[in-house]
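Worksheet for the structure shown next.
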Amino acid sequence: MLVYEYRIRTSTEPGTIMSQQQTPSATGSDQTTGTVQVVLVDNDILALKMLREIMSAWPRVAITWTEHNGSDAFDHYRQCESGIRDLPDLFITDISMRGLSGVDMSRAIRYTNGTMPILGITSYEPTQFYHDAADAGMQAVIGKNELSALKSIIMEVADTGALAVRPPFEVPGRAHLRIRQEGLPYILSLSQQEKQVLTMCSHGYSNADIAQVLDVSPSTINTYITRASRKMGVASKREAVALWTKTIGL
């Protein structure tokens, strides 16, 4: 189990979140009342309902919205990012989901957001996800049964507007800068047509089948796959489909 460091960093080192006295929260929390606005995403509908009921009963916690599909959750987040909805103070997501994994969603969010803490939750042993989650810009991963740790994390964000972390995890600002330097995550660069073709490939459709369904030529499907492979940093259709299958949780 991860041992959390519940203190506020006051260093002025770039990428380090400072204390509440030094800088206000860049998200939507109500610092007067200490209420933290939380988003909860979980592929397991029963787990999502249970966690929402439990967390809603905690003081100073407001569940602003929930989703049970990674793709829908990311689309919802983009609405927040564009100003249609308020950004949450804490984004809590299941690690393994259909539609879009929590890890890939975190990397896409962290590419544009360097302030909001992202917490991964899982029904499996959390330590097996530490490396991938940290690399994707998350601040911690805990088990869904670790309710006391989850509550402590939320209260820390409510009290300070930030979440102190320990290696291998990074504060949001530092993770944001690193991921920006690594380049645009492929989930953000793929077109809707490329995603659709990859998804159909993941379900076992041949290029000819996909061309017939989409009413385009087979050469157009080949073009979509070639472009997608390049954006994903892989050398073949097989690698692209395998990576996409993992990304969408099939």
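By convention in this document, the chains of the structure tokens carry letters A, B, ... by their order, each chain's residues are numbered from 1, and ligands are numbered from 1 in the order they are shown.
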
Got a sec to tell me which of segment 86-244 of chain A DSSP assigns to strand (DSSP E), as a PyMOL selection string?
chain A and resi 90-94+118-122+140-143

Residues within 6 Å of segment 136-143 of chain A, only C-alpha atoms, excluding chain neighbours under 2 positions, as a list in words:
Val103, Ser106, Arg107, Arg110, Ile118, Leu119, Gly120, Ile121, Thr122, Ser123, Pro126, Ala133, Ala134, Asn145, Glu146, Phe169 and Ala175 of chain A

Please determine, counting only C-alpha atoms, which residue among A:Val216, A:Ala73, A:Leu163, A:Val41 has the shortest atom-to-atom distance to Ala108 of chain A.
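Answer, going by the shortest atom-to-atom distance: A:Ala73.
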
Enumerate the residues of segment 12-233 of chain A with a DSSP assignment of alpha helix (DSSP H), computed from the backbone, and present them as a PyMOL selection string.
chain A and resi 45-56+70-81+102-112+130-135+147-160+172-182+186-189+192-202+207-214+218-232

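The interatomic distance for the pair atom CA of Asn69 of chain A and atom CA of Ile95 of chain A works out to 11.5 Å.
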
Within 10 Å of segment 83-94 of chain A, counting only C-alpha atoms, which residues qualify if same-chain residues fewer than 6 places away don't, as a PyMOL selection string?
chain A and resi 25-30+35-44+47-48+62-70+73+76-77+101-103+105-106+109+115-123+138+140-144+150+153-154+157-158+161-163

Taking only C-alpha atoms into account, which of A:Leu184, A:Ser219, A:Asp104, A:Cys201 comes nearest Phe74 of chain A?
A:Asp104
